[in-house]
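Q: File run.json below, JSON, C-alpha atoms and all ligand atoms:
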```
[["chain", "number", "residue", "atom", "x", "y", "z"],
["A", 1171, "MET", "CA", 153.08, 31.60, -11.78],
["A", 1172, "ARG", "CA", 152.15, 35.23, -12.09],
["A", 1173, "MET", "CA", 150.25, 36.05, -15.27],
["A", 1174, "ASP", "CA", 150.81, 39.69, -16.09],
["A", 1175, "ALA", "CA", 149.21, 41.87, -18.72],
["A", 1176, "GLN", "CA", 151.58, 40.82, -21.48],
["A", 1177, "CYS", "CA", 150.78, 38.00, -23.89],
["A", 1178, "GLU", "CA", 151.55, 34.69, -22.30],
["A", 1179, "GLU", "CA", 152.77, 33.09, -25.51],
["A", 1180, "ASN", "CA", 155.98, 34.43, -26.86],
["A", 1181, "TYR", "CA", 155.85, 33.30, -30.44],
["A", 1182, "THR", "CA", 158.73, 34.33, -32.62],
["A", 1183, "ASP", "CA", 157.94, 36.91, -35.26],
["A", 1184, "ALA", "CA", 158.35, 34.31, -38.01],
["A", 1185, "VAL", "CA", 155.59, 32.27, -36.34],
["A", 1186, "ASN", "CA", 153.45, 35.38, -35.82],
["A", 1187, "LYS", "CA", 153.58, 36.14, -39.56],
["A", 1188, "GLU", "CA", 152.66, 32.56, -40.48],
["A", 1189, "LEU", "CA", 149.77, 32.63, -38.01],
["A", 1190, "LEU", "CA", 148.51, 35.89, -39.48],
["A", 1191, "LEU", "CA", 148.37, 34.27, -42.94],
["A", 1192, "SER", "CA", 146.72, 31.17, -41.55],
["A", 1193, "TYR", "CA", 143.99, 33.01, -39.61],
["A", 1194, "GLY", "CA", 143.37, 35.27, -42.63],
["A", 1195, "LYS", "CA", 142.72, 32.12, -44.63],
["A", 1196, "ARG", "CA", 140.43, 30.72, -41.90],
["A", 1197, "MET", "CA", 138.41, 33.93, -41.83],
["A", 1198, "HIS", "CA", 138.12, 33.93, -45.60],
["A", 1199, "ASN", "CA", 137.19, 30.23, -45.78],
["A", 1200, "ALA", "CA", 134.56, 30.65, -43.06],
["A", 1201, "GLY", "CA", 132.89, 33.39, -45.14],
["A", 1202, "TYR", "CA", 133.76, 36.09, -42.62],
["A", 1203, "LEU", "CA", 135.58, 38.20, -45.22],
["A", 1204, "ARG", "CA", 134.79, 38.64, -48.88],
["A", 1205, "GLU", "CA", 137.25, 39.82, -51.49],
["A", 1206, "ALA", "CA", 139.49, 42.45, -49.90],
["A", 1207, "ASP", "CA", 137.24, 43.02, -46.87],
["A", 1208, "GLY", "CA", 138.46, 43.06, -43.30],
["A", 1209, "ASN", "CA", 141.90, 43.00, -41.76],
["A", 1210, "LEU", "CA", 143.86, 41.37, -38.99],
["A", 1211, "SER", "CA", 146.95, 42.07, -36.95],
["A", 1212, "VAL", "CA", 149.18, 40.53, -34.31],
["A", 1213, "ARG", "CA", 151.51, 42.16, -31.81],
["A", 1214, "CYS", "CA", 155.19, 41.43, -32.54],
["A", 1215, "ALA", "CA", 157.24, 39.41, -30.06],
["A", 1216, "ALA", "CA", 159.08, 42.44, -28.66],
["A", 1217, "GLY", "CA", 155.75, 44.19, -28.10],
["A", 1218, "ALA", "CA", 156.63, 47.55, -29.64],
["A", 1219, "SER", "CA", 155.18, 46.94, -33.08],
["A", 1220, "LEU", "CA", 152.50, 44.99, -34.89],
["A", 1221, "TYR", "CA", 152.11, 42.97, -38.06],
["A", 1222, "ILE", "CA", 149.04, 43.93, -40.07],
["A", 1223, "THR", "CA", 147.57, 42.79, -43.37],
["A", 1224, "SER", "CA", 148.12, 45.17, -46.28],
["A", 1225, "ALA", "CA", 145.35, 47.22, -47.85],
["A", 1226, "GLY", "CA", 143.12, 45.83, -50.58],
["A", 1227, "LYS", "CA", 144.25, 42.19, -50.44],
["A", 1228, "ASN", "CA", 142.17, 39.02, -50.31],
["A", 1229, "LYS", "CA", 142.93, 37.44, -46.91],
["A", 1230, "GLY", "CA", 142.39, 33.97, -48.32],
["A", 1231, "ALA", "CA", 145.47, 34.23, -50.50],
["A", 1232, "LEU", "CA", 147.75, 36.55, -48.56],
["A", 1233, "ARG", "CA", 151.52, 36.13, -48.90],
["A", 1234, "LEU", "CA", 154.28, 36.89, -46.43],
["A", 1235, "PHE", "CA", 155.44, 40.02, -48.23],
["A", 1236, "GLU", "CA", 151.90, 41.43, -47.97],
["A", 1237, "ILE", "CA", 152.27, 41.73, -44.19],
["A", 1238, "VAL", "CA", 153.41, 45.13, -42.97],
["A", 1239, "GLU", "CA", 155.21, 45.82, -39.70],
["A", 1240, "VAL", "CA", 154.33, 49.11, -38.04],
["A", 1241, "GLY", "CA", 155.60, 50.54, -34.73],
["A", 1242, "LEU", "CA", 152.88, 51.14, -32.14],
["A", 1243, "HIS", "CA", 153.27, 54.87, -32.71],
["A", 1244, "GLY", "CA", 152.59, 54.51, -36.41],
["A", 1245, "LYS", "CA", 156.02, 54.33, -38.03],
["A", 1246, "ARG", "CA", 156.33, 51.57, -40.62],
["A", 1247, "SER", "CA", 159.34, 49.33, -39.98],
["A", 1248, "SER", "CA", 159.11, 46.74, -42.74],
["A", 1249, "GLY", "CA", 157.05, 45.74, -45.74],
["A", 1250, "HIS", "CA", 156.53, 47.49, -49.06],
["A", 1251, "GLU", "CA", 152.74, 47.36, -49.24],
["A", 1252, "ALA", "CA", 150.40, 49.96, -47.73],
["A", 1253, "PRO", "CA", 148.97, 48.78, -44.40],
["A", 1254, "SER", "CA", 145.22, 48.32, -43.98],
["A", 1255, "SER", "CA", 143.32, 51.60, -43.72],
["A", 1256, "ASP", "CA", 142.13, 50.35, -40.31],
["A", 1257, "LEU", "CA", 145.69, 50.62, -38.98],
["A", 1258, "PRO", "CA", 144.85, 53.54, -36.59],
["A", 1259, "ILE", "CA", 142.20, 51.38, -34.85],
["A", 1260, "HIS", "CA", 144.59, 48.46, -34.41],
["A", 1261, "LEU", "CA", 147.34, 50.77, -33.11],
["A", 1262, "ALA", "CA", 145.00, 52.42, -30.62],
["A", 1263, "ILE", "CA", 143.84, 49.03, -29.30],
["A", 1264, "TYR", "CA", 147.39, 47.74, -28.74],
["A", 1265, "ARG", "CA", 148.52, 51.01, -27.16],
["A", 1266, "SER", "CA", 145.62, 51.17, -24.72],
["A", 1267, "CYS", "CA", 145.25, 47.42, -23.98],
["A", 1268, "PRO", "CA", 148.56, 45.65, -23.23],
["A", 1269, "LYS", "CA", 146.62, 42.42, -22.61],
["A", 1270, "PHE", "CA", 145.72, 42.12, -26.29],
["A", 1271, "GLY", "CA", 148.08, 40.48, -28.76],
["A", 1272, "ALA", "CA", 145.77, 40.14, -31.76],
["A", 1273, "VAL", "CA", 142.91, 42.03, -33.42],
["A", 1274, "LEU", "CA", 140.53, 40.77, -36.13],
["A", 1275, "HIS", "CA", 138.09, 42.81, -38.18],
["A", 1276, "ALA", "CA", 135.43, 40.80, -40.02],
["A", 1277, "HIS", "CA", 132.24, 41.24, -41.99],
["A", 1278, "SER", "CA", 130.92, 37.93, -40.70],
["A", 1279, "PRO", "CA", 127.21, 37.24, -41.30],
["A", 1280, "ARG", "CA", 125.76, 37.28, -37.77],
["A", 1281, "ALA", "CA", 127.92, 40.23, -36.69],
["A", 1282, "VAL", "CA", 126.80, 42.22, -39.74],
["A", 1283, "ARG", "CA", 123.16, 41.43, -38.91],
["A", 1284, "LEU", "CA", 123.65, 42.47, -35.28],
["A", 1285, "ALA", "CA", 125.48, 45.64, -36.38],
["A", 1286, "GLN", "CA", 122.40, 46.57, -38.39],
["A", 1287, "SER", "CA", 120.16, 46.06, -35.38],
["A", 1288, "GLU", "CA", 122.61, 47.83, -33.03],
["A", 1289, "GLY", "CA", 124.12, 44.97, -31.12],
["A", 1290, "SER", "CA", 123.10, 42.53, -28.46],
["A", 1291, "GLY", "CA", 123.60, 44.27, -25.16],
["A", 1292, "PRO", "CA", 126.59, 45.18, -23.00],
["A", 1293, "GLU", "CA", 128.56, 42.00, -23.79],
["A", 1294, "LEU", "CA", 128.58, 42.97, -27.47],
["A", 1295, "PRO", "CA", 128.37, 46.75, -27.72],
["A", 1296, "CYS", "CA", 127.72, 48.58, -30.97],
["A", 1297, "VAL", "CA", 129.42, 51.91, -31.70],
["A", 1298, "GLU", "CA", 128.73, 54.52, -34.36],
["A", 1299, "GLN", "CA", 132.32, 55.56, -35.12],
["A", 1300, "PRO", "CA", 135.52, 53.52, -35.59],
["A", 1301, "SER", "CA", 137.30, 55.87, -33.16],
["A", 1302, "GLN", "CA", 135.02, 54.57, -30.36],
["A", 1303, "ILE", "CA", 136.16, 50.96, -30.78],
["A", 1304, "PRO", "CA", 139.38, 51.00, -28.69],
["A", 1305, "ALA", "CA", 137.60, 52.40, -25.62],
["A", 1306, "HIS", "CA", 134.92, 49.70, -25.70],
["A", 1307, "ILE", "CA", 136.96, 46.67, -26.70],
["A", 1308, "ALA", "CA", 139.02, 46.61, -23.48],
["A", 1309, "ALA", "CA", 136.04, 45.34, -21.49],
["A", 1310, "SER", "CA", 133.98, 43.42, -24.03],
["A", 1311, "ARG", "CA", 136.77, 42.06, -26.32],
["A", 1312, "ALA", "CA", 134.35, 42.40, -29.24],
["A", 1313, "VAL", "CA", 132.69, 45.53, -30.60],
["A", 1314, "LEU", "CA", 130.24, 45.96, -33.47],
["A", 1315, "LEU", "CA", 130.59, 48.94, -35.78],
["A", 1316, "LYS", "CA", 127.12, 50.11, -36.74],
["A", 1317, "ASN", "CA", 126.00, 49.03, -40.22],
["A", 1318, "HIS", "CA", 129.43, 47.56, -40.90],
["A", 1319, "GLY", "CA", 130.95, 44.58, -39.06],
["A", 1320, "ILE", "CA", 132.88, 43.53, -35.99],
["A", 1321, "TYR", "CA", 136.26, 44.01, -34.28],
["A", 1322, "VAL", "CA", 137.48, 41.25, -31.96],
["A", 1323, "ALA", "CA", 140.60, 41.25, -29.76],
["A", 1324, "GLY", "CA", 142.36, 38.52, -27.81],
["A", 1325, "LYS", "CA", 145.64, 37.70, -26.12],
["A", 1326, "ASN", "CA", 146.57, 35.93, -29.36],
["A", 1327, "LEU", "CA", 145.04, 35.10, -32.75],
["A", 1328, "GLU", "CA", 143.58, 31.81, -31.50],
["A", 1329, "GLU", "CA", 141.70, 33.50, -28.66],
["A", 1330, "ALA", "CA", 140.35, 36.27, -30.92],
["A", 1331, "TRP", "CA", 139.32, 33.68, -33.53],
["A", 1332, "ARG", "CA", 137.50, 31.54, -30.93],
["A", 1333, "LEU", "CA", 135.55, 34.55, -29.73],
["A", 1334, "LEU", "CA", 134.58, 35.45, -33.28],
["A", 1335, "GLU", "CA", 133.44, 31.85, -33.86],
["A", 1336, "LYS", "CA", 131.40, 31.95, -30.65],
["A", 1337, "ILE", "CA", 129.68, 35.14, -31.77],
["A", 1338, "GLU", "CA", 128.96, 33.70, -35.20],
["A", 1339, "ARG", "CA", 127.78, 30.32, -33.96],
["A", 1340, "PRO", "CA", 126.44, 30.91, -30.44],
["A", 1341, "THR", "CA", 124.79, 27.49, -30.15],
["A", 1342, "ALA", "CA", 127.73, 25.43, -31.48],
["A", 1343, "LYS", "CA", 129.52, 23.10, -29.05],
["A", 1344, "THR", "CA", 133.22, 23.82, -28.75],
["A", 1401, "ZN", "ZN", 135.18, 46.48, -42.64]]
```
Reformat the file's structure so that it appears as structure tokens.
Ligand SMILES: [Zn+2]
A:
Amino acid sequence: MRMDAQCEENYTDAVNKELLLSYGKRMHNAGYLREADGNLSVRCAAGASLYITSAGKNKGALRLFEIVEVGLHGKRSSGHEAPSSDLPIHLAIYRSCPKFGAVLHAHSPRAVRLAQSEGSGPELPCVEQPSQIPAHIAASRAVLLKNHGIYVAGKNLEEAWRLLEKIERPTAKT
């Protein structure tokens, strides 16, 4: 079977929203996000928009109505809350990388340490400006933002989460 650049799983949007809540909780419970830190998004089933967490919310206790749907060109389609201030980064990643269906931004402990020491080589690059993230994430799938944290992308939330776990716990058996 031919595997093209689109996401291989075609979850319904109801499932995508539930998964967004569930991975937000996992990130919070793992200590990768404190208080209202970080954000995460998933590409909608039709591909032309994304679901993103709203600004200023604790991802451990997010509710369905705190998810915002935004078209890939920036027009909000549903949700009453303000989307995460990182929305432009998420939009740019989905627009330039059709293979990605999910993006996570965390302040996870090892990533934060590496971001202070400017990364760990070409497999985990470190950039100075958020605007540089989309260009680098296509190849490496994970990019550190200097003195800040990490952005991780995957074909779906599970893949992005696994990569984040691997970066945080490089010696753990999976
Ligand atoms: Zn951050």
Q: Give me the residues of chain A that have any atom at most 8 Å from an atom of ligand ZN 1401 (chain A); for each, the nearest atom pair and the distance in Å, rounded to one decimal. Use only C-alpha atoms and all ligand atoms, sort by chain and number, and format it as CSV.
A:
```
residue,atom,partner,partner_atom,distance
A:Asp1207,CA,A:ZN1401,ZN,5.8
A:Gly1208,CA,A:ZN1401,ZN,4.8
A:Asn1209,CA,A:ZN1401,ZN,7.6
A:His1275,CA,A:ZN1401,ZN,6.5
A:Ala1276,CA,A:ZN1401,ZN,6.3
A:His1277,CA,A:ZN1401,ZN,6.0
A:His1318,CA,A:ZN1401,ZN,6.1
A:Gly1319,CA,A:ZN1401,ZN,5.9
A:Ile1320,CA,A:ZN1401,ZN,7.6
```
Q: With distances taken over only C-alpha atoms, which of A:Glu1205, A:Lys1229, A:Glu1288, A:Thr1341 is nearest to A:Ser1192?
A: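 Distance minimum relative to A:Ser1192 lands on A:Lys1229.
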Q: For a quick check of understanding, using all atoms listed in the file, which of A:Leu1203, A:Val1240, A:Ala1231, A:Met1197 has the smallest distance to A:Gly1217?
A: A:Val1240
Q: Any idea what the distance is between atom CA of A:Pro1295 and atom CA of A:Gly1194?
A: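 Taking atom CA of A:Pro1295 as the start and atom CA of A:Gly1194 as the end point, the length is 24.1 Å.
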Q: For a test of reading the model, state the distance in Å between atom CA of A:Pro1268 and atom CA of A:Ala1323, rounded to one decimal.
A: 11.2 Å
Q: Give me the residues near A:Ala1309 as a PyMOL selection string, where near means some atom within 12 Å (using only C-alpha atoms) and where sequence neighbours in that chain fewer than 6 positions away do not count.
A: chain A and resi 1263+1266-1267+1269-1270+1292-1295+1303+1322-1324
Q: Now that the selection is made, can you save its residues with C-alpha atoms as an mmCIF file, in the frame of the given file?
A:
```cif
data_model
loop_
_atom_site.group_PDB
_atom_site.id
_atom_site.type_symbol
_atom_site.label_atom_id
_atom_site.label_comp_id
_atom_site.auth_asym_id
_atom_site.auth_seq_id
_atom_site.Cartn_x
_atom_site.Cartn_y
_atom_site.Cartn_z
ATOM 1 C CA ILE A 1263 143.840 49.030 -29.300
ATOM 2 C CA SER A 1266 145.620 51.170 -24.720
ATOM 3 C CA CYS A 1267 145.250 47.420 -23.980
ATOM 4 C CA LYS A 1269 146.620 42.420 -22.610
ATOM 5 C CA PHE A 1270 145.720 42.120 -26.290
ATOM 6 C CA PRO A 1292 126.590 45.180 -23.000
ATOM 7 C CA GLU A 1293 128.560 42.000 -23.790
ATOM 8 C CA LEU A 1294 128.580 42.970 -27.470
ATOM 9 C CA PRO A 1295 128.370 46.750 -27.720
ATOM 10 C CA ILE A 1303 136.160 50.960 -30.780
ATOM 11 C CA VAL A 1322 137.480 41.250 -31.960
ATOM 12 C CA ALA A 1323 140.600 41.250 -29.760
ATOM 13 C CA GLY A 1324 142.360 38.520 -27.810
#
```
Q: Could you pull the residues within 10 Å of A:Glu1335, counting all atoms listed in the file, minus those fewer than 3 positions along the same chain, as a PyMOL selection string?
A: chain A and resi 1197+1200+1202+1278+1329-1332+1338-1340+1342+1344
Q: Please report the interatomic distance between atom CA of A:Asn1317 and atom CA of A:Gln1286 in Å with one decimal.
A: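 Separation of atom CA of A:Asn1317 and atom CA of A:Gln1286: 4.7 Å.
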Q: Determine the nearest neighbour of A:Val1282 from the options A:Ala1184, A:Ala1308, A:Ala1218, A:Leu1315, counting all atoms listed in the file.
A: A:Leu1315
Q: Counting all atoms listed in the file, figure out which residue out of A:Lys1336, A:Arg1196, A:Arg1311, A:Lys1325 gets nearest to A:Ala1272.
A: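 Counting all atoms listed in the file, the residue closest to A:Ala1272 is A:Lys1325.
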